[in-house]
file start.txt (compact mmCIF, C-alpha atoms and all ligand atoms)
# COMPACT_ATOMS: atom_id res chain seq x y z
CA MET A 1422 124.04 122.92 85.68
CA SER A 1423 120.61 121.66 86.82
CA LEU A 1424 117.60 120.93 84.66
CA ALA A 1425 115.30 120.85 87.69
CA ASN A 1426 113.87 124.37 87.61
CA GLY A 1427 110.25 124.30 86.57
CA ARG A 1428 107.15 122.77 88.12
CA PRO A 1429 108.30 120.09 90.59
CA TYR A 1430 106.78 116.63 90.40
CA LEU A 1431 106.36 114.61 93.60
CA ALA A 1432 106.07 111.10 92.14
CA ILE A 1433 105.85 109.29 95.49
CA PRO A 1434 103.01 107.08 96.74
CA GLY A 1435 101.37 109.76 98.82
CA PRO A 1436 100.91 112.56 99.28
CA SER A 1437 99.93 112.57 95.63
CA VAL A 1438 99.75 115.38 93.10
CA MET A 1439 97.04 117.90 93.98
CA PRO A 1440 94.84 119.20 91.16
CA ASP A 1441 94.81 122.97 90.67
CA ALA A 1442 91.04 122.86 91.26
CA VAL A 1443 91.65 121.39 94.73
CA LEU A 1444 94.27 124.01 95.55
CA ARG A 1445 92.01 126.83 94.35
CA ALA A 1446 89.07 125.53 96.37
CA MET A 1447 91.19 125.49 99.52
CA HIS A 1448 92.34 129.06 98.98
CA SER A 1449 89.39 130.50 100.84
CA ALA A 1450 88.45 132.56 103.85
CA ALA A 1451 87.36 130.58 106.92
CA PRO A 1452 83.84 129.32 106.25
CA ASN A 1453 80.93 129.47 108.71
CA ILE A 1454 80.88 126.18 110.63
CA TYR A 1455 77.45 126.76 112.25
CA GLU A 1456 75.14 126.79 109.26
CA GLY A 1457 74.90 127.42 105.56
CA ALA A 1458 77.11 126.41 102.70
CA LEU A 1459 79.67 124.25 104.50
CA PRO A 1460 77.29 121.97 106.45
CA ASP A 1461 75.08 121.64 103.36
CA MET A 1462 78.10 120.78 101.22
CA VAL A 1463 79.22 118.05 103.62
CA ASP A 1464 75.76 116.45 103.84
CA ALA A 1465 75.71 116.25 100.05
CA MET A 1466 79.21 114.78 99.91
CA ILE A 1467 78.39 111.64 101.89
CA PRO A 1468 76.63 109.76 99.06
CA GLU A 1469 79.46 110.67 96.71
CA LEU A 1470 82.03 109.24 99.11
CA ARG A 1471 79.97 106.05 99.26
CA ASP A 1472 80.06 105.90 95.47
CA VAL A 1473 83.87 106.02 95.48
CA ALA A 1474 84.06 103.07 97.90
CA ARG A 1475 81.18 101.33 96.10
CA THR A 1476 79.09 100.89 99.21
CA GLN A 1477 75.62 101.64 100.54
CA GLY A 1478 77.08 101.51 104.05
CA HIS A 1479 77.97 104.16 106.60
CA VAL A 1480 80.78 106.73 106.38
CA ALA A 1481 82.69 108.25 109.28
CA MET A 1482 85.19 111.06 108.69
CA TYR A 1483 88.17 111.91 110.87
CA ILE A 1484 90.77 114.65 111.04
CA ALA A 1485 93.53 112.07 110.84
CA ASN A 1486 96.02 110.48 108.49
CA GLY A 1487 96.00 106.80 107.56
CA HIS A 1488 97.41 105.76 110.92
CA GLY A 1489 94.43 107.48 112.56
CA VAL A 1490 91.85 105.49 110.63
CA TRP A 1491 93.78 102.27 111.27
CA GLU A 1492 93.06 103.01 114.93
CA ALA A 1493 89.49 104.16 114.27
CA ALA A 1494 88.57 100.92 112.50
CA LEU A 1495 89.92 98.82 115.36
CA ALA A 1496 88.59 101.00 118.19
CA ASN A 1497 85.03 100.48 116.93
CA THR A 1498 85.13 96.74 116.36
CA VAL A 1499 87.65 94.89 118.53
CA ALA A 1500 88.08 94.97 122.31
CA PRO A 1501 91.42 94.77 124.13
CA GLY A 1502 92.34 91.12 124.66
CA GLU A 1503 90.53 89.95 121.52
CA THR A 1504 92.43 88.63 118.49
CA VAL A 1505 92.79 89.78 114.89
CA LEU A 1506 94.39 87.96 111.95
CA VAL A 1507 96.79 90.07 109.87
CA PRO A 1508 97.94 88.69 106.53
CA ALA A 1509 100.90 91.00 105.73
CA CYS A 1510 102.59 91.70 102.38
CA GLY A 1511 104.82 94.57 103.43
CA ARG A 1512 105.37 97.35 105.93
CA PHE A 1513 101.76 98.52 106.05
CA GLY A 1514 100.35 95.17 107.12
CA PHE A 1515 102.79 95.16 110.01
CA GLY A 1516 101.97 98.80 110.77
CA TRP A 1517 98.27 98.02 111.19
CA ALA A 1518 99.16 95.05 113.40
CA GLU A 1519 101.34 97.29 115.59
CA MET A 1520 98.42 99.71 115.92
CA ALA A 1521 96.24 96.80 117.12
CA GLU A 1522 98.84 95.68 119.64
CA GLY A 1523 99.02 99.20 121.03
CA LEU A 1524 95.30 98.94 121.75
CA GLY A 1525 95.82 95.70 123.65
CA ILE A 1526 94.51 93.56 120.81
CA LYS A 1527 96.27 90.25 120.16
CA THR A 1528 97.57 89.79 116.62
CA GLN A 1529 98.15 86.64 114.65
CA ILE A 1530 100.35 87.61 111.69
CA LEU A 1531 100.74 85.68 108.44
CA ASP A 1532 103.88 87.02 106.76
CA PHE A 1533 103.86 86.69 102.97
CA GLY A 1534 107.20 88.45 102.60
CA ARG A 1535 107.83 91.59 100.58
CA SER A 1536 107.21 90.42 97.02
CA ALA A 1537 103.94 88.50 97.09
CA PRO A 1538 100.23 89.14 97.67
CA ILE A 1539 98.11 87.54 100.42
CA ASP A 1540 97.63 83.82 99.80
CA PRO A 1541 93.92 83.19 100.53
CA GLU A 1542 94.66 79.49 101.16
CA ALA A 1543 97.01 80.38 104.01
CA VAL A 1544 94.27 82.60 105.45
CA ARG A 1545 91.85 79.65 105.07
CA ALA A 1546 94.20 77.41 107.03
CA ALA A 1547 94.60 79.96 109.81
CA LEU A 1548 90.85 80.54 110.11
CA ALA A 1549 90.08 76.81 109.95
CA ALA A 1550 92.52 76.26 112.82
CA ASP A 1551 90.63 78.85 114.88
CA LYS A 1552 88.22 76.25 116.29
CA GLY A 1553 86.67 78.54 118.88
CA GLN A 1554 86.25 81.28 116.24
CA LYS A 1555 88.06 83.71 118.49
CA ILE A 1556 89.45 85.79 115.62
CA LYS A 1557 87.34 88.95 115.54
CA ALA A 1558 88.62 90.46 112.30
CA VAL A 1559 90.89 89.90 109.33
CA LEU A 1560 92.94 93.03 108.60
CA ALA A 1561 93.84 93.00 104.92
CA VAL A 1562 95.83 95.72 103.17
CA HIS A 1563 94.44 95.86 99.62
CA VAL A 1564 97.57 97.46 98.15
CA ASP A 1565 100.62 97.40 100.39
CA THR A 1566 102.36 100.60 99.38
CA SER A 1567 105.82 99.40 100.45
CA SER A 1568 105.89 96.29 98.25
CA SER A 1569 103.22 97.42 95.72
CA ALA A 1570 101.53 94.02 96.14
CA ARG A 1571 97.79 94.03 95.42
CA SER A 1572 95.80 91.31 97.15
CA ASP A 1573 92.51 89.66 96.25
CA VAL A 1574 90.21 90.96 98.98
CA ALA A 1575 87.10 89.32 97.51
CA ALA A 1576 88.82 85.93 97.82
CA LEU A 1577 89.12 86.50 101.57
CA ARG A 1578 85.35 86.98 101.82
CA GLY A 1579 84.99 83.68 99.95
CA VAL A 1580 87.21 81.96 102.52
CA LEU A 1581 85.29 83.42 105.48
CA ASP A 1582 81.97 82.37 103.94
CA ASP A 1583 83.19 78.85 103.08
CA LEU A 1584 84.21 78.32 106.68
CA GLY A 1585 81.22 80.11 108.18
CA HIS A 1586 83.72 82.18 110.15
CA PRO A 1587 82.14 85.32 111.68
CA ALA A 1588 85.28 87.50 111.66
CA LEU A 1589 84.86 90.95 110.14
CA LEU A 1590 86.73 91.59 106.91
CA MET A 1591 88.53 94.93 107.09
CA ALA A 1592 90.38 96.44 104.13
CA ASP A 1593 93.04 99.15 104.15
CA CYS A 1594 92.42 100.93 100.84
CA ILE A 1595 94.50 103.97 101.69
CA ALA A 1596 96.72 103.49 98.62
CA SER A 1597 94.18 101.87 96.34
CA LEU A 1598 90.86 103.73 96.65
CA GLY A 1599 90.23 105.78 93.55
CA CYS A 1600 93.05 103.99 91.69
CA ASP A 1601 92.70 100.19 91.74
CA VAL A 1602 89.33 98.50 91.27
CA PHE A 1603 87.65 98.11 94.66
CA GLU A 1604 84.04 97.11 95.34
CA MET A 1605 83.29 97.23 99.06
CA ASP A 1606 79.77 95.78 99.01
CA ALA A 1607 80.16 93.38 96.09
CA TRP A 1608 83.34 91.97 97.65
CA GLY A 1609 81.73 91.59 101.08
CA VAL A 1610 84.07 93.94 102.93
CA ASP A 1611 82.74 94.99 106.36
CA VAL A 1612 85.07 97.92 107.06
CA THR A 1613 87.08 99.95 104.53
CA ILE A 1614 89.51 102.69 105.44
CA THR A 1615 91.18 105.35 103.34
CA GLY A 1616 92.93 108.70 103.60
CA SER A 1617 92.63 111.98 101.74
CA GLN A 1618 96.13 112.25 100.28
CA LYS A 1619 96.37 109.44 97.76
CA GLY A 1620 93.68 108.59 95.22
CA LEU A 1621 91.44 111.33 96.65
CA MET A 1622 94.01 114.02 95.67
CA VAL A 1623 93.56 116.19 98.79
CA PRO A 1624 96.36 117.05 101.28
CA PRO A 1625 97.03 114.59 104.10
CA GLY A 1626 94.86 115.15 107.15
CA MET A 1627 91.48 113.53 106.54
CA GLY A 1628 90.65 109.86 107.03
CA PHE A 1629 87.52 107.90 106.13
CA VAL A 1630 86.02 104.74 107.59
CA PHE A 1631 83.24 103.02 105.64
CA PHE A 1632 81.36 100.31 107.53
CA ASN A 1633 78.34 98.09 107.05
CA ASP A 1634 75.61 97.01 109.47
CA ARG A 1635 77.55 93.94 110.65
CA ALA A 1636 80.41 96.20 111.69
CA ALA A 1637 77.96 98.63 113.31
CA GLU A 1638 76.66 95.70 115.36
CA ALA A 1639 80.21 94.88 116.48
CA ARG A 1640 80.56 98.50 117.63
CA ARG A 1641 77.33 98.27 119.66
CA ALA A 1642 78.55 95.09 121.34
CA LEU A 1643 81.66 96.82 122.71
CA GLU A 1644 81.52 97.86 126.31
CA ARG A 1645 83.56 101.00 125.85
CA VAL A 1646 84.79 103.07 122.92
CA SER A 1647 86.86 106.24 123.01
CA VAL A 1648 84.49 109.15 122.48
CA TYR A 1649 86.83 110.64 119.93
CA TRP A 1650 87.22 107.51 117.79
CA ASP A 1651 83.59 106.36 118.11
CA TRP A 1652 82.10 106.30 114.62
CA THR A 1653 78.43 106.33 115.77
CA ASN A 1654 77.76 110.08 115.79
CA ARG A 1655 80.23 110.80 113.01
CA ALA A 1656 78.29 108.58 110.65
CA ASP A 1657 74.87 109.78 111.77
CA PRO A 1658 75.29 113.28 113.19
CA GLU A 1659 72.44 115.25 114.65
CA MET A 1660 74.53 118.39 114.51
CA PHE A 1661 77.24 119.40 112.08
CA TYR A 1662 80.02 119.41 114.69
CA GLN A 1663 79.43 115.71 115.35
CA TYR A 1664 80.78 114.80 111.92
CA PHE A 1665 84.25 115.49 113.27
CA CYS A 1666 83.68 115.29 117.03
CA GLY A 1667 84.58 118.96 117.12
CA THR A 1668 85.61 121.57 114.59
CA ALA A 1669 85.33 120.34 111.03
CA ALA A 1670 88.28 119.99 108.64
CA THR A 1671 87.05 123.10 106.83
CA HIS A 1672 89.65 123.51 104.10
CA HIS A 1673 90.21 119.83 103.49
CA LEU A 1674 86.47 119.60 102.93
CA LEU A 1675 86.57 122.42 100.38
CA GLY A 1676 89.41 120.62 98.59
CA LEU A 1677 87.59 117.30 98.80
CA ARG A 1678 84.49 118.84 97.21
CA ALA A 1679 86.61 119.88 94.22
CA ALA A 1680 88.25 116.43 94.06
CA LEU A 1681 84.88 114.67 94.13
CA ASP A 1682 83.77 116.89 91.24
CA LEU A 1683 86.75 115.64 89.23
CA ILE A 1684 86.03 112.03 90.22
CA ARG A 1685 82.36 112.31 89.32
CA ALA A 1686 83.13 113.95 85.97
CA GLU A 1687 85.55 111.19 84.98
CA GLY A 1688 83.64 108.25 86.50
CA MET A 1689 85.03 105.37 88.57
CA GLU A 1690 85.37 102.93 85.64
CA ALA A 1691 87.30 105.50 83.58
CA ILE A 1692 89.51 106.31 86.57
CA TRP A 1693 90.32 102.62 87.04
CA ALA A 1694 91.05 102.21 83.33
CA ARG A 1695 93.36 105.25 83.30
CA HIS A 1696 95.32 103.94 86.27
CA ALA A 1697 95.56 100.49 84.68
CA ALA A 1698 96.89 101.87 81.38
CA LEU A 1699 99.43 104.13 83.08
CA ALA A 1700 100.58 101.23 85.26
CA ARG A 1701 101.02 98.99 82.21
CA ALA A 1702 103.15 101.69 80.56
CA ILE A 1703 105.36 101.88 83.65
CA TRP A 1704 105.76 98.10 83.80
CA ALA A 1705 106.60 97.97 80.09
CA ALA A 1706 109.39 100.53 80.46
CA CYS A 1707 110.74 98.78 83.56
CA GLU A 1708 110.76 95.40 81.84
CA VAL A 1709 112.78 96.82 78.93
CA TRP A 1710 115.27 98.49 81.30
CA GLY A 1711 115.55 95.29 83.34
CA SER A 1712 116.17 93.14 80.26
CA ASP A 1713 119.83 94.16 80.24
CA GLY A 1714 120.66 95.34 83.74
CA PRO A 1715 119.88 95.02 87.44
CA LEU A 1716 116.41 96.66 87.55
CA THR A 1717 113.56 94.38 88.64
CA LEU A 1718 109.89 94.97 89.42
CA ASN A 1719 109.31 93.94 93.03
CA ILE A 1720 106.10 92.06 92.19
CA ALA A 1721 106.60 89.51 89.43
CA GLY A 1722 103.02 88.69 88.46
CA THR A 1723 101.06 91.47 86.74
CA ALA A 1724 97.81 90.30 88.36
CA HIS A 1725 99.26 91.11 91.78
CA ARG A 1726 100.74 94.51 90.94
CA SER A 1727 99.02 97.68 92.10
CA HIS A 1728 97.91 100.26 89.56
CA ALA A 1729 98.71 103.04 92.07
CA VAL A 1730 102.31 102.37 93.13
CA THR A 1731 105.26 100.41 91.76
CA ALA A 1732 108.20 99.22 93.88
CA LEU A 1733 111.47 98.51 92.09
CA ARG A 1734 114.83 97.05 93.00
CA LEU A 1735 118.00 98.42 91.45
CA GLY A 1736 120.51 97.11 93.99
CA ALA A 1737 122.30 99.17 96.67
CA PRO A 1738 123.06 102.01 96.48
CA HIS A 1739 121.68 102.68 93.01
CA GLY A 1740 118.05 103.23 94.06
CA ALA A 1741 119.15 106.11 96.30
CA ARG A 1742 121.56 107.44 93.63
CA LEU A 1743 118.80 107.48 91.06
CA ARG A 1744 116.40 109.24 93.44
CA ASP A 1745 119.05 111.85 94.17
CA TRP A 1746 119.69 112.40 90.44
CA THR A 1747 116.04 112.75 89.40
CA ALA A 1748 115.39 115.29 92.19
CA ARG A 1749 118.57 117.30 91.64
CA GLN A 1750 118.65 117.23 87.85
CA ALA A 1751 115.05 116.90 86.76
CA GLY A 1752 112.71 118.14 89.51
CA VAL A 1753 111.17 114.68 90.04
CA THR A 1754 111.05 113.17 93.54
CA LEU A 1755 110.77 109.37 93.57
CA GLY A 1756 109.58 107.31 96.55
CA ILE A 1757 112.07 105.70 98.90
CA GLY A 1758 112.35 101.94 99.33
CA LEU A 1759 110.18 101.52 102.43
CA GLY A 1760 110.78 98.56 104.73
CA MET A 1761 113.17 97.13 102.15
CA SER A 1762 116.37 96.71 104.14
CA GLU A 1763 118.53 93.81 102.98
CA GLU A 1764 121.78 92.24 104.06
CA GLY A 1765 124.45 94.87 103.43
CA ASP A 1766 121.79 97.56 102.81
CA PRO A 1767 120.08 98.40 106.10
CA ASP A 1768 118.48 101.55 104.67
CA GLY A 1769 116.95 99.89 101.61
CA THR A 1770 118.94 102.13 99.23
CA GLY A 1771 118.65 99.48 96.54
CA PHE A 1772 114.91 100.13 96.17
CA PHE A 1773 112.74 103.01 95.00
CA ARG A 1774 109.07 103.50 94.15
CA PHE A 1775 106.87 105.36 91.72
CA GLY A 1776 103.58 106.75 92.97
CA HIS A 1777 101.05 106.90 90.15
CA MET A 1778 97.88 107.55 92.08
CA GLY A 1779 95.19 110.14 91.53
CA HIS A 1780 95.85 113.21 89.41
CA VAL A 1781 98.30 111.67 86.91
CA ASN A 1782 98.03 111.41 83.17
CA ALA A 1783 99.97 110.13 80.17
CA HIS A 1784 102.29 113.10 79.79
CA MET A 1785 103.27 112.99 83.45
CA ILE A 1786 104.03 109.27 83.32
CA LEU A 1787 106.02 109.57 80.08
CA GLY A 1788 107.90 112.49 81.63
CA LEU A 1789 108.58 110.44 84.75
CA LEU A 1790 109.83 107.49 82.72
CA GLY A 1791 111.93 109.71 80.46
CA VAL A 1792 113.60 111.24 83.50
CA VAL A 1793 114.34 107.81 84.97
CA GLU A 1794 115.81 106.65 81.66
CA ALA A 1795 118.00 109.77 81.56
CA GLY A 1796 119.09 109.12 85.13
CA LEU A 1797 120.01 105.50 84.45
CA GLY A 1798 122.13 106.80 81.54
CA ALA A 1799 123.73 109.66 83.45
CA LEU A 1800 124.69 107.35 86.31
CA ASP A 1801 125.99 104.60 84.02
CA ILE A 1802 123.60 102.06 85.50
CA PRO A 1803 123.25 99.25 82.95
CA HIS A 1804 119.77 99.01 81.43
CA GLY A 1805 118.01 97.80 78.30
CA ARG A 1806 117.42 100.49 75.66
CA GLY A 1807 114.02 101.76 74.60
CA GLY A 1808 111.94 101.67 77.80
CA VAL A 1809 110.21 104.97 77.11
CA THR A 1810 109.46 103.96 73.52
CA GLU A 1811 107.78 100.82 74.79
CA ALA A 1812 105.76 102.80 77.36
CA ALA A 1813 104.62 105.16 74.59
CA ARG A 1814 103.53 102.17 72.53
CA VAL A 1815 101.45 100.83 75.45
CA LEU A 1816 99.77 104.21 75.93
CA ALA A 1817 99.11 104.58 72.21
CA ASP A 1818 97.43 101.16 72.20
CA ALA A 1819 95.40 101.98 75.32
CA ALA A 1820 94.18 105.36 74.08
CA GLY A 1821 93.62 104.45 70.44
CA ALA A 1822 92.78 107.12 67.94
C1 LIG B 1901 99.87 105.70 103.12
C2 LIG B 1901 99.37 104.42 103.70
C3 LIG B 1901 99.14 104.25 105.07
C4 LIG B 1901 99.51 105.28 106.08
O1 LIG B 1901 98.91 106.50 105.88
P1 LIG B 1901 99.43 107.78 106.66
O2 LIG B 1901 98.55 108.85 106.16
O3 LIG B 1901 100.87 107.97 106.29
O4 LIG B 1901 99.27 107.53 108.11
C5 LIG B 1901 98.60 103.06 105.50
N1 LIG B 1901 98.30 102.07 104.64
C6 LIG B 1901 98.54 102.19 103.32
C7 LIG B 1901 98.20 101.05 102.42
C8 LIG B 1901 99.08 103.36 102.81
O5 LIG B 1901 99.32 103.48 101.50
call {"tool": "encode", "arguments": {"input": "start.txt", "output": "structure tokens", "more": "lines below"}}
Ligand SMILES: *Cc1c(COP(=O)(O)O)cnc(C)c1O
result
Amino acid sequence: MSLANGRPYLAIPGPSVMPDAVLRAMHSAAPNIYEGALPDMVDAMIPELRDVARTQGHVAMYIANGHGVWEAALANTVAPGETVLVPACGRFGFGWAEMAEGLGIKTQILDFGRSAPIDPEAVRAALAADKGQKIKAVLAVHVDTSSSARSDVAALRGVLDDLGHPALLMADCIASLGCDVFEMDAWGVDVTITGSQKGLMVPPGMGFVFFNDRAAEARRALERVSVYWDWTNRADPEMFYQYFCGTAATHHLLGLRAALDLIRAEGMEAIWARHAALARAIWAACEVWGSDGPLTLNIAGTAHRSHAVTALRLGAPHGARLRDWTARQAGVTLGIGLGMSEEGDPDGTGFFRFGHMGHVNAHMILGLLGVVEAGLGALDIPHGRGGVTEAARVLADAAGA
């Protein structure tokens, strides 16, 4: 027997759950790309995108996933042969560094392991040692989706300012934007990147680069930039087709319009508070389960845990067994342990992740946690009793009467 038939739930850290309103908006005949509703809609969307990233700066859109905007951010700011500093807290930090190396950029990597956030003091030491101020940019992943570590991006601006170091501060907010608190301008971030398929609740395929005037100046100082990746016309198009350097992402844009309506109706502060409460409920359940068994939250300190994704260790091969059970028996797909190979477990089968980004609410999270508790029971994996009860208590406290 299987209990999985019913609406499936993809509880992985991207792509995230798509709202019905987004799906309905995308179910449309091909719109006119020359004039009329679509170009007008996109012009009006730009200030709303800025509001999500909390910036007055520029926005460039791409038909690309997160890897694409990793490249876009670098292609507009750093020349081959120049150096970037990459403080890494998981797979995605290294991924951005690899993208830089592919462009001929030199990388200096600070590896904080897989269970800790960026240490701003280590970044300070690296920048202070850069006597010739050759480092062009600091590439910081706000939430590393593999480890679920959330780093203090504003602290990095403080370090750069203390030292008078001119490097650009670039933030990968692909997992965090629209989930975890992020304030591009107030935190002094020069370039912010994100994708459509996580907190923005739209299918994968659109990427966004937000940049300020300092970053725009860095672009102008470059001798050569790929016409396709150049953000200049995309951010300030004279004609509609320049937004995307070619045909626009018509249906993604229709979906994004619907998603921005949902975001505007709820408000950024309420969205952040919802994600925080749901994350606390997840942590509470996991702590109960871990009190009498092998389950551990990958990030120990609550201040450094993302509100959008949670990485957990159950020990090989139980992470993979649990994922198999929840999909087969309950219609819930959990995230794999990414970049979490260990001695004796090259595939990282001891780890799994919950995505809780975007269109998720209390009943979905309680359902997710209930399914995991059932799976731990069905598979005879030792765990403390009452995790779901504790999560319900946290949500009751958060919501009040
Ligand atoms: C998802 C993600 C990426 C990669 O995005 P793709 O769309 O898969 O290319 C990069 N960085 C972070 C932090 C992510 O969460």
call {"tool": "atom_distance", "arguments": {"input": "start.txt", "atom1": "CA of Asp1768 (chain A)", "atom2": "CA of Pro1738 (chain A)"}}
result
9.4 Å
call {"tool": "axis_aligned_box", "arguments": {"input": "start.txt", "around": "region 1683-1688 of chain A", "padding_each_side": "4 Å", "output": "AutoDock Vina command-line options"}}
result
--center_x 84.6 --center_y 111.9 --center_z 87.6 --size_x 12.4 --size_y 15.4 --size_z 13.2
call {"tool": "residues_near_ligand", "arguments": {"input": "start.txt", "ligand": "ligand LIG 1901 (chain B)", "cutoff": "9 Å", "atoms": "all atoms listed in the file", "output": "count of residues only"}}
result
37
call {"tool": "residues_around", "arguments": {"input": "start.txt", "residues": "region 1800-1807 of chain A", "least_positions_apart": "4", "cutoff": "9 Å", "atoms": "all atoms listed in the file", "output": "mmCIF file with C-alpha atoms, in the frame of the given file"}}
result
data_model
loop_
_atom_site.group_PDB
_atom_site.id
_atom_site.type_symbol
_atom_site.label_atom_id
_atom_site.label_comp_id
_atom_site.auth_asym_id
_atom_site.auth_seq_id
_atom_site.Cartn_x
_atom_site.Cartn_y
_atom_site.Cartn_z
ATOM 1 C CA ALA A 1706 109.390 100.530 80.460
ATOM 2 C CA GLU A 1708 110.760 95.400 81.840
ATOM 3 C CA VAL A 1709 112.780 96.820 78.930
ATOM 4 C CA TRP A 1710 115.270 98.490 81.300
ATOM 5 C CA GLY A 1711 115.550 95.290 83.340
ATOM 6 C CA SER A 1712 116.170 93.140 80.260
ATOM 7 C CA ASP A 1713 119.830 94.160 80.240
ATOM 8 C CA GLY A 1714 120.660 95.340 83.740
ATOM 9 C CA PRO A 1715 119.880 95.020 87.440
ATOM 10 C CA LEU A 1716 116.410 96.660 87.550
ATOM 11 C CA LEU A 1735 118.000 98.420 91.450
ATOM 12 C CA HIS A 1739 121.680 102.680 93.010
ATOM 13 C CA ARG A 1742 121.560 107.440 93.630
ATOM 14 C CA LEU A 1743 118.800 107.480 91.060
ATOM 15 C CA TRP A 1746 119.690 112.400 90.440
ATOM 16 C CA GLU A 1794 115.810 106.650 81.660
ATOM 17 C CA ALA A 1795 118.000 109.770 81.560
ATOM 18 C CA GLY A 1796 119.090 109.120 85.130
ATOM 19 C CA GLU A 1811 107.780 100.820 74.790
ATOM 20 C CA ALA A 1812 105.760 102.800 77.360
#
call {"tool": "closest_residue", "arguments": {"input": "start.txt", "among": "A:Pro1452, A:Gly1609, A:Pro1624, A:Pro1658", "to": "Asp1464 (chain A)", "atoms": "all atoms listed in the file"}}
result
A:Pro1658
call {"tool": "closest_atom_pairs", "arguments": {"input": "start.txt", "of": "region 1448-1524 of chain A", "to": "region 1690-1696 of chain A", "cutoff": "12 Å", "atoms": "all atoms listed in the file", "output": "tab-separated table"}}
result
residue	atom	partner	partner_atom	distance
A:Asp1472	CA	A:Glu1690	CA	11.6
A:Val1473	CA	A:Glu1690	CA	10.4
A:Arg1475	CA	A:Glu1690	CA	11.4
call {"tool": "closest_residue", "arguments": {"input": "start.txt", "among": "A:Ala1686, A:Met1462, A:Ala1639, A:Ala1432", "to": "Gly1788 (chain A)", "atoms": "all atoms listed in the file"}}
result
A:Ala1432
call {"tool": "atom_distance", "arguments": {"input": "start.txt", "atom1": "CA of Ile1786 (chain A)", "atom2": "CA of Val1753 (chain A)"}}
result
11.2 Å
call {"tool": "closest_residue", "arguments": {"input": "start.txt", "among": "A:Leu1584, A:Ala1518, A:Leu1674, A:Val1781", "to": "Ala1698 (chain A)", "atoms": "all atoms listed in the file"}}
result
A:Val1781
call {"tool": "residues_around", "arguments": {"input": "start.txt", "residues": "Ala1637 (chain A)", "least_positions_apart": "2", "cutoff": "12 Å", "atoms": "all atoms listed in the file", "output": "list of chain:residue names"}}
result
A:Gly1478, A:His1479, A:Val1480, A:Ala1481, A:Ala1494, A:Ala1496, A:Asn1497, A:Thr1498, A:Val1499, A:Leu1589, A:Asp1611, A:Val1612, A:Val1630, A:Phe1631, A:Phe1632, A:Asn1633, A:Asp1634, A:Arg1635, A:Ala1639, A:Arg1640, A:Arg1641, A:Ala1642, A:Leu1643, A:Asp1651, A:Trp1652, A:Thr1653, A:Asn1654, A:Ala1656, A:Asp1657
call {"tool": "residues_near_point", "arguments": {"input": "start.txt", "point": "(82.1, 83.5, 117.3)", "cutoff": "9 Å", "atoms": "all atoms listed in the file", "output": "number ranges by chain"}}
result
A: 1553-1557, 1586-1588
call {"tool": "closest_residue", "arguments": {"input": "start.txt", "among": "A:Leu1590, A:Ala1729, A:Ala1799, A:Ala1724", "to": "Ser1572 (chain A)", "atoms": "all atoms listed in the file"}}
result
A:Ala1724
call {"tool": "closest_residue", "arguments": {"input": "start.txt", "among": "A:Ala1576, A:Met1591, A:Ala1819, A:Cys1600", "to": "Ala1558 (chain A)", "atoms": "all atoms listed in the file"}}
result
A:Met1591
call {"tool": "atom_distance", "arguments": {"input": "start.txt", "atom1": "CA of Ala1465 (chain A)", "atom2": "CA of Leu1683 (chain A)"}}
result
15.5 Å
call {"tool": "closest_atom_pairs", "arguments": {"input": "start.txt", "of": "region 1736-1799 of chain A", "to": "region 1532-1542 of chain A", "cutoff": "12 Å", "atoms": "all atoms listed in the file", "output": "CSV"}}
result
residue,atom,partner,partner_atom,distance
A:Gly1758,CA,A:Arg1535,CA,11.4
A:Leu1759,CA,A:Arg1535,CA,10.4
A:Gly1760,CA,A:Arg1535,CA,8.6
A:Met1761,CA,A:Arg1535,CA,7.9
A:Ser1762,CA,A:Arg1535,CA,10.6
A:Glu1763,CA,A:Arg1535,CA,11.2
A:Phe1772,CA,A:Arg1535,CA,11.9
call {"tool": "closest_residue", "arguments": {"input": "start.txt", "among": "A:Arg1734, A:Arg1545, A:Leu1506, A:Asp1583", "to": "Leu1531 (chain A)", "atoms": "all atoms listed in the file"}}
result
A:Leu1506
call {"tool": "residues_around", "arguments": {"input": "start.txt", "residues": "Ala1446 (chain A)", "least_positions_apart": "2", "cutoff": "10 Å", "atoms": "only C-alpha atoms", "output": "list in words"}}
result
Asp1441, Ala1442, Val1443, Leu1444, His1448, Ser1449, His1672, His1673, Leu1674, Leu1675, Gly1676, Leu1677, Arg1678, Ala1679 and Ala1680 of chain A
call {"tool": "residues_near_point", "arguments": {"input": "start.txt", "point": "(98.2, 96.6, 122.3)", "cutoff": "12 Å", "atoms": "all atoms listed in the file", "output": "list in words"}}
result
Glu1492, Leu1495, Ala1496, Val1499, Ala1500, Pro1501, Gly1502, Glu1503, Thr1504, Val1505, Trp1517, Ala1518, Glu1519, Met1520, Ala1521, Glu1522, Gly1523, Leu1524, Gly1525, Ile1526, Lys1527 and Thr1528 of chain A
call {"tool": "residues_around", "arguments": {"input": "start.txt", "residues": "Gly1599 (chain A)", "least_positions_apart": "5", "cutoff": "7 Å", "atoms": "all atoms listed in the file", "output": "number ranges by chain"}}
result
A: 1473, 1620-1621, 1779
call {"tool": "residues_around", "arguments": {"input": "start.txt", "residues": "Val1438 (chain A)", "least_positions_apart": "6", "cutoff": "7 Å", "atoms": "all atoms listed in the file", "output": "MDAnalysis selection string"}}
result
chainID A and resid 1431 1622 1780
